[in-house]
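What follows is the content of model26.txt, which has compact mmCIF, C-alpha atoms and all ligand atoms:
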```
# COMPACT_ATOMS: atom_id res chain seq x y z
CA ILE A 1 133.34 99.74 107.92
CA VAL A 2 131.22 96.71 107.02
CA SER A 3 133.67 94.35 108.71
CA ARG A 4 133.07 92.73 112.09
CA GLU A 5 136.48 93.94 113.13
CA TRP A 6 135.10 97.47 112.93
CA HIS A 7 131.81 96.72 114.67
CA ARG A 8 131.54 93.54 116.70
CA ASP A 9 127.78 93.30 117.35
CA ASN A 10 125.14 92.61 114.74
CA SER A 11 123.76 95.79 113.22
CA ILE A 12 120.02 96.12 112.94
CA ILE A 13 118.72 98.10 110.00
CA ASN A 14 115.50 99.89 110.80
CA VAL A 15 113.01 100.47 108.01
CA GLY A 16 110.47 102.65 109.77
CA ASP A 17 109.28 100.40 112.58
CA VAL A 18 110.49 97.22 110.88
CA ALA A 19 113.85 95.78 111.93
CA ILE A 20 116.07 93.80 109.59
CA GLY A 21 118.81 91.81 111.30
CA GLY A 22 117.02 91.48 114.64
CA ASP A 23 115.35 88.46 116.20
CA GLN A 24 112.80 88.06 113.46
CA VAL A 25 113.33 86.89 109.90
CA GLN A 26 111.76 89.46 107.57
CA VAL A 27 110.17 88.23 104.37
CA ILE A 28 109.90 90.80 101.59
CA GLY A 29 107.26 89.59 99.16
CA GLY A 30 105.95 91.02 95.93
CA PRO A 31 105.99 90.80 92.17
CA CYS A 32 109.04 91.05 89.96
CA SER A 33 107.68 94.21 88.42
CA VAL A 34 105.03 96.82 88.97
CA GLU A 35 102.51 96.21 86.17
CA THR A 36 99.16 97.88 86.92
CA GLN A 37 97.43 99.51 89.89
CA GLU A 38 95.07 96.53 90.15
CA GLN A 39 97.94 94.04 90.17
CA MET A 40 99.77 96.04 92.87
CA ASP A 41 96.64 96.49 95.01
CA SER A 42 95.97 92.79 94.84
CA ALA A 43 99.61 91.87 95.54
CA ALA A 44 99.80 94.27 98.50
CA GLN A 45 96.70 92.64 99.92
CA HIS A 46 98.01 89.07 99.75
CA VAL A 47 101.54 89.99 100.87
CA SER A 48 100.11 91.84 103.87
CA ASP A 49 97.62 89.02 104.62
CA ALA A 50 100.54 86.58 104.71
CA GLY A 51 102.06 88.70 107.50
CA CYS A 52 104.77 90.65 105.65
CA ARG A 53 105.72 94.19 106.60
CA LEU A 54 107.79 94.86 103.48
CA MET A 55 106.92 94.56 99.81
CA ARG A 56 109.08 94.34 96.70
CA GLY A 57 108.39 95.37 93.08
CA GLY A 58 110.48 96.82 90.28
CA ALA A 59 109.50 100.00 88.44
CA PHE A 60 112.83 100.18 86.59
CA LYS A 61 113.73 96.73 85.28
CA PRO A 62 117.22 95.62 84.20
CA ARG A 63 116.02 93.29 81.44
CA THR A 64 118.43 91.20 79.39
CA SER A 65 116.71 92.25 76.16
CA PRO A 66 115.98 95.90 75.40
CA TYR A 67 112.87 94.76 73.50
CA THR A 68 111.08 93.40 76.56
CA PHE A 69 109.08 95.31 79.20
CA GLN A 70 111.44 97.78 80.88
CA GLY A 71 109.19 98.73 83.80
CA ASN A 72 106.68 101.51 84.30
CA GLY A 73 109.26 103.96 85.62
CA GLU A 74 108.01 106.84 87.74
CA GLU A 75 104.39 105.85 87.10
CA GLY A 76 105.26 102.48 88.62
CA LEU A 77 106.66 104.08 91.77
CA LYS A 78 103.42 105.98 92.13
CA MET A 79 101.28 102.83 91.80
CA PHE A 80 103.55 100.95 94.21
CA ARG A 81 103.44 103.68 96.86
CA LYS A 82 99.67 103.91 96.64
CA ALA A 83 99.12 100.15 96.94
CA ALA A 84 101.64 99.74 99.77
CA ASP A 85 100.34 102.68 101.81
CA LYS A 86 96.87 101.13 101.94
CA HIS A 87 98.36 98.16 103.81
CA ASN A 88 101.06 99.99 105.75
CA LEU A 89 103.80 98.13 103.85
CA ARG A 90 107.33 99.46 103.40
CA ILE A 91 108.53 99.40 99.81
CA VAL A 92 111.68 97.92 98.27
CA THR A 93 112.50 98.79 94.67
CA GLU A 94 115.52 98.79 92.38
CA LEU A 95 117.52 101.90 91.47
CA MET A 96 119.53 101.47 88.26
CA ASP A 97 120.46 105.05 87.52
CA ALA A 98 121.65 107.70 89.99
CA ARG A 99 119.73 110.31 87.99
CA MET A 100 116.51 108.77 89.38
CA LEU A 101 117.57 109.07 93.02
CA ASP A 102 115.66 112.30 93.66
CA THR A 103 112.53 110.72 92.24
CA PHE A 104 113.01 107.73 94.57
CA LEU A 105 113.26 110.12 97.51
CA GLU A 106 110.17 112.00 96.31
CA TYR A 107 108.11 108.78 96.47
CA ASP A 108 109.73 107.98 99.77
CA VAL A 109 111.04 104.59 98.66
CA ASP A 110 111.84 102.88 101.97
CA VAL A 111 114.60 100.53 100.81
CA ILE A 112 116.69 101.01 97.68
CA GLN A 113 117.68 97.81 95.91
CA ILE A 114 120.92 97.65 93.98
CA GLY A 115 120.59 94.77 91.54
CA THR A 116 123.08 92.08 90.65
CA ARG A 117 124.03 93.88 87.43
CA SER A 118 124.83 97.06 89.32
CA MET A 119 126.87 95.63 92.20
CA GLN A 120 130.04 97.12 90.81
CA ASN A 121 128.56 100.30 89.41
CA PHE A 122 130.77 102.27 91.75
CA GLU A 123 129.35 105.69 90.89
CA LEU A 124 125.84 104.44 91.69
CA LEU A 125 127.11 102.95 94.96
CA LYS A 126 128.73 106.27 95.90
CA GLU A 127 125.45 108.09 95.25
CA VAL A 128 123.42 105.82 97.55
CA GLY A 129 126.26 106.17 100.05
CA ARG A 130 125.46 109.86 100.35
CA ILE A 131 121.90 109.35 101.62
CA ASN A 132 120.72 107.49 104.69
CA LYS A 133 118.06 105.19 103.22
CA PRO A 134 118.54 101.46 103.76
CA VAL A 135 120.10 99.76 100.73
CA ILE A 136 119.79 96.12 99.71
CA LEU A 137 122.99 95.24 97.90
CA LYS A 138 122.50 92.18 95.74
CA ARG A 139 125.49 90.03 94.97
CA GLY A 140 126.88 90.38 91.46
CA MET A 141 126.09 87.19 89.56
CA SER A 142 129.79 86.35 89.31
CA ALA A 143 131.10 88.30 92.28
CA THR A 144 133.26 86.81 95.01
CA VAL A 145 132.38 87.47 98.62
CA SER A 146 135.31 89.86 98.95
CA GLU A 147 134.26 91.86 95.87
CA TRP A 148 130.77 92.04 97.34
CA LEU A 149 132.08 93.27 100.69
CA MET A 150 134.15 95.92 98.90
CA ALA A 151 131.10 97.04 96.92
CA ALA A 152 129.36 97.56 100.27
CA GLU A 153 132.35 99.60 101.44
CA TYR A 154 131.69 102.01 98.57
CA ILE A 155 128.28 102.72 100.07
CA ALA A 156 129.48 102.78 103.67
CA ALA A 157 132.45 105.04 102.90
CA GLY A 158 130.04 107.82 101.93
CA GLY A 159 128.39 107.65 105.35
CA ASN A 160 125.44 105.32 104.68
CA HIS A 161 125.88 102.26 106.90
CA ASN A 162 122.32 100.99 106.36
CA ILE A 163 123.31 98.12 104.12
CA ILE A 164 121.68 94.70 103.75
CA PHE A 165 123.44 92.01 101.74
CA CYS A 166 121.29 89.87 99.44
CA GLU A 167 122.45 86.56 97.97
CA ARG A 168 120.47 85.86 94.77
CA GLY A 169 122.33 82.96 93.22
CA ILE A 170 125.58 82.89 91.32
CA ARG A 171 126.59 81.73 87.84
CA THR A 172 128.15 78.31 87.61
CA PHE A 173 128.43 75.56 84.97
CA GLU A 174 125.02 74.23 86.06
CA THR A 175 122.10 74.92 83.72
CA ALA A 176 119.30 72.91 85.39
CA TYR A 177 118.27 75.99 87.36
CA ARG A 178 118.66 79.72 86.85
CA ASN A 179 121.53 80.25 89.30
CA VAL A 180 123.10 78.42 92.22
CA MET A 181 121.95 79.71 95.59
CA ASP A 182 125.16 79.99 97.54
CA VAL A 183 124.15 78.87 101.03
CA THR A 184 127.79 78.89 102.09
CA CYS A 185 128.02 82.65 101.79
CA ILE A 186 125.44 83.06 104.58
CA PRO A 187 127.65 81.87 107.49
CA VAL A 188 130.69 83.41 105.81
CA LEU A 189 129.08 86.84 105.60
CA LYS A 190 127.66 86.55 109.11
CA LYS A 191 131.24 86.00 110.27
CA GLU A 192 132.80 88.72 108.12
CA THR A 193 130.25 91.49 108.55
CA HIS A 194 127.98 92.91 111.24
CA LEU A 195 125.35 93.79 108.63
CA PRO A 196 122.20 91.73 107.89
CA VAL A 197 122.18 89.08 105.18
CA ILE A 198 119.05 88.15 103.26
CA VAL A 199 118.49 85.69 100.43
CA ASP A 200 116.45 85.80 97.22
CA PRO A 201 115.50 82.19 96.44
CA SER A 202 113.36 83.26 93.46
CA HIS A 203 116.14 84.51 91.19
CA ALA A 204 118.36 81.70 92.45
CA GLY A 205 116.09 78.81 91.45
CA GLY A 206 114.15 80.48 88.67
CA LYS A 207 111.18 78.11 89.11
CA ALA A 208 108.38 78.61 91.62
CA TRP A 209 108.43 74.99 92.79
CA MET A 210 112.06 75.31 93.90
CA VAL A 211 111.50 78.45 95.93
CA PRO A 212 110.10 76.99 99.21
CA ALA A 213 112.95 74.50 99.63
CA LEU A 214 115.58 77.15 98.90
CA ALA A 215 113.87 79.64 101.20
CA ARG A 216 113.85 77.15 104.08
CA ALA A 217 117.50 76.29 103.48
CA ALA A 218 118.45 79.97 103.60
CA VAL A 219 116.59 80.57 106.85
CA ALA A 220 118.03 77.41 108.40
CA ALA A 221 121.52 78.64 107.48
CA GLY A 222 120.97 81.90 109.33
CA ALA A 223 119.59 84.39 106.80
CA ASP A 224 118.02 87.49 108.36
CA GLY A 225 115.37 87.68 105.71
CA LEU A 226 114.12 86.63 102.30
CA LEU A 227 113.20 88.46 99.12
CA VAL A 228 110.53 86.39 97.39
CA GLU A 229 108.65 86.96 94.15
CA THR A 230 104.91 86.43 94.42
CA HIS A 231 102.19 87.54 92.02
CA PRO A 232 98.38 87.51 92.23
CA ASN A 233 98.32 85.52 88.99
CA PRO A 234 101.80 84.20 88.10
CA CYS A 235 100.73 82.86 84.67
CA GLU A 236 100.06 86.43 83.61
CA ALA A 237 103.12 88.08 85.13
CA TRP A 238 104.90 90.41 82.71
CA CYS A 239 108.29 89.40 84.03
CA ASP A 240 109.73 86.30 85.73
CA ALA A 241 106.41 84.43 85.56
CA ASP A 242 108.02 81.00 86.08
CA GLN A 243 109.43 81.82 89.47
CA ALA A 244 106.54 83.71 91.06
CA LEU A 245 104.60 82.02 93.86
CA ASN A 246 100.83 82.41 93.76
CA PRO A 247 99.16 83.85 96.88
CA GLU A 248 98.38 80.43 98.31
CA GLU A 249 101.90 79.11 97.76
CA PHE A 250 103.27 82.28 99.32
CA ARG A 251 101.09 81.91 102.39
CA ASP A 252 102.09 78.25 102.74
CA LEU A 253 105.76 79.18 102.49
CA MET A 254 105.36 81.74 105.28
CA GLY A 255 103.75 79.06 107.43
CA SER A 256 106.47 76.49 106.76
CA LEU A 257 109.22 78.94 107.72
CA GLN A 258 107.75 79.34 111.21
CA GLY A 259 109.07 75.93 112.18
CA ILE A 260 112.64 77.02 111.44
CA ALA A 261 112.86 80.53 112.88
CA ALA A 262 110.73 83.40 114.09
CA VAL A 263 109.46 84.77 110.81
CA ILE A 264 107.41 87.88 110.17
C1 LIG A 301 114.99 91.77 90.98
O1 LIG A 301 115.06 91.44 92.19
O2 LIG A 301 114.00 92.28 90.49
C2 LIG A 301 116.14 91.52 90.10
C3 LIG A 301 116.20 92.04 88.88
O3 LIG A 301 117.05 90.71 90.64
P1 LIG A 301 118.60 90.51 90.28
O4 LIG A 301 119.23 91.86 90.28
O5 LIG A 301 119.05 89.63 91.42
O6 LIG A 301 118.65 89.80 88.96
MN MN A 302 112.49 89.19 88.91
```

Kindly present the structure from the file in structure tokens form.
Amino acid sequence: IVSREWHRDNSIINVGDVAIGGDQVQVIGGPCSVETQEQMDSAAQHVSDAGCRLMRGGAFKPRTSPYTFQGNGEEGLKMFRKAADKHNLRIVTELMDARMLDTFLEYDVDVIQIGTRSMQNFELLKEVGRINKPVILKRGMSATVSEWLMAAEYIAAGGNHNIIFCERGIRTFETAYRNVMDVTCIPVLKKETHLPVIVDPSHAGGKAWMVPALARAAVAAGADGLLVETHPNPCEAWCDADQALNPEEFRDLMGSLQGIAAVI
């Protein structure tokens, strides 16, 4: 179903009145995690001021250590919804456990993110396949393109064709940066699938100063959008502080992308 052999033209995924996969590159900005109402209000303001229509933020966090901040859970969804609604932003947030799906629907989460660690959680994929919300399917950190496409089939097979692929960097022998942003997968996916492809340069590089260059490379290679971590005060971020752009850096990035493609 996700293959171009099945559907020749590019599919546009509509998130309310925002189109992903159309003529404009959509940038989804926001913090790694939902921390406080103040932090989310402030983030929603700067993300919206920079021109974004979509905002990211995790309420359920897949942390490597069980002893670090795990997210604010349902309370986080509430804070996120409230902050985003004030600025008419659509929200993107990660679902780790199918048991939380009803809660996600209750808060009217606009786009469900499936994280890198869940790409092959087939039962979770089947559950989001049963609803018709747009889903961002991140690439497993060691997944091949064909495994990734098959993971998307699990969602599509249930009837939900609103899938957006997200490259977020893969594991290699290199340790100088968090992951290797696989630019090559962008043209490959655009050839193999009719669905939109976005890129997360933040989790790829792992350092804020790398993010603008990676973001520009992704857009130049044909990405339909970006997922970028930005925080009102990166030094104080509870999660992924090193890779978050501050509001000024985020605004500058948005400006520099305009020279490459039509960016929202
Ligand atoms: C995230 O985007 O918040 C995240 C946890 O990313 P990934 O699944 O790519 O590690
Ligand atoms: Mn993060």

Which residues are close to segment 236-249 of chain A, i.e. within 7 Å by only C-alpha atoms, leaving aside same-chain residues fewer than 4 positions away? Reply as a PDB file with C-alpha atoms, in the coordinates of the input.
```pdb
ATOM      1  CA  CYS A  32     109.040  91.050  89.960  1.00  0.00           C
ATOM      2  CA  SER A  33     107.680  94.210  88.420  1.00  0.00           C
ATOM      3  CA  HIS A  46      98.010  89.070  99.750  1.00  0.00           C
ATOM      4  CA  SER A 202     113.360  83.260  93.460  1.00  0.00           C
ATOM      5  CA  GLY A 206     114.150  80.480  88.670  1.00  0.00           C
ATOM      6  CA  LYS A 207     111.180  78.110  89.110  1.00  0.00           C
ATOM      7  CA  ALA A 208     108.380  78.610  91.620  1.00  0.00           C
ATOM      8  CA  GLU A 229     108.650  86.960  94.150  1.00  0.00           C
ATOM      9  CA  THR A 230     104.910  86.430  94.420  1.00  0.00           C
ATOM     10  CA  HIS A 231     102.190  87.540  92.020  1.00  0.00           C
ATOM     11  CA  PRO A 232      98.380  87.510  92.230  1.00  0.00           C
ATOM     12  CA  LEU A 253     105.760  79.180 102.490  1.00  0.00           C
TER      13      LEU A 253
END
```

With a distance cut-off of 9 Å and all atoms listed in the file, select the neighbouring residues of segment 195-199 of chain A, excluding the residue or stretch itself and same-chain residues fewer than 4 positions from it, and output the selection as JSON, numbers by chain.
-> {"A": [2, 3, 4, 10, 11, 12, 13, 20, 21, 22, 25, 26, 27, 136, 138, 161, 162, 163, 164, 165, 166, 167, 168, 169, 181, 183, 186, 189, 190, 204, 215, 218, 219, 222, 223, 224, 225, 226, 227, 228]}

Sorted by chain and rising residue number, list the residues of chain A at most 6 Å from ligand LIG 301 (chain A) (counting all atoms listed in the file), each with its closest atom pair and distance in Å to one decimal, as JSON lines.
```
{"residue": "A:Cys32", "atom": "CA", "partner": "A:LIG301", "partner_atom": "O2", "distance": 5.1}
{"residue": "A:Gly58", "atom": "CA", "partner": "A:LIG301", "partner_atom": "O2", "distance": 5.7}
{"residue": "A:Pro62", "atom": "CA", "partner": "A:LIG301", "partner_atom": "C3", "distance": 6.0}
{"residue": "A:Gly115", "atom": "CA", "partner": "A:LIG301", "partner_atom": "O4", "distance": 3.5}
{"residue": "A:Thr116", "atom": "CA", "partner": "A:LIG301", "partner_atom": "O4", "distance": 3.9}
{"residue": "A:Arg117", "atom": "CA", "partner": "A:LIG301", "partner_atom": "O4", "distance": 5.9}
{"residue": "A:Arg168", "atom": "CA", "partner": "A:LIG301", "partner_atom": "O5", "distance": 5.2}
{"residue": "A:His203", "atom": "CA", "partner": "A:LIG301", "partner_atom": "O5", "distance": 5.9}
```

Those selected residues, please, written with C-alpha atoms and delivered as an mmCIF file, in the frame of the given file.
```cif
data_model
loop_
_atom_site.group_PDB
_atom_site.id
_atom_site.type_symbol
_atom_site.label_atom_id
_atom_site.label_comp_id
_atom_site.auth_asym_id
_atom_site.auth_seq_id
_atom_site.Cartn_x
_atom_site.Cartn_y
_atom_site.Cartn_z
ATOM 1 C CA CYS A 32 109.040 91.050 89.960
ATOM 2 C CA GLY A 58 110.480 96.820 90.280
ATOM 3 C CA PRO A 62 117.220 95.620 84.200
ATOM 4 C CA GLY A 115 120.590 94.770 91.540
ATOM 5 C CA THR A 116 123.080 92.080 90.650
ATOM 6 C CA ARG A 117 124.030 93.880 87.430
ATOM 7 C CA ARG A 168 120.470 85.860 94.770
ATOM 8 C CA HIS A 203 116.140 84.510 91.190
#
```

Distance atom CA of Val263 of chain A-atom CA of Asn160 of chain A, one decimal place?
->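 According to the coordinates, atom CA of Val263 of chain A and atom CA of Asn160 of chain A are separated by 26.7 Å.
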
Please, what distance in Å, to one decimal, runs between atom CA of Val145 of chain A and atom CA of Gly205 of chain A?
->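 Between these atoms lies a distance of 19.8 Å.
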
So what do you get for atom CA of Lys191 of chain A versus atom CA of Gly255 of chain A, distance-wise?
->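 Answer for the atom CA of Lys191 of chain A to atom CA of Gly255 of chain A separation: 28.5 Å.
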
Of the residues A:Leu125, A:Ala176, A:Leu77, A:Ile131, which is the one nearest to Ala152 of chain A, using all atoms listed in the file?
->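 Checking each candidate against Ala152 of chain A, we get A:Leu125 as the closest.
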
From A:Arg216, A:Cys235, A:Glu5, A:Thr172, residue lying nearest Gly259 of chain A [all atoms listed in the file] =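 With all atoms listed in the file as the atom set, the closest residue is A:Arg216.
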
May I ask which of the residues A:Pro134, A:Pro201, A:Gly129, A:Gly51 is the closest one to ligand MN 302 (chain A), counting all atoms listed in the file?
->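 Looking at the shortest contact to ligand MN 302 (chain A), the residue is A:Pro201.
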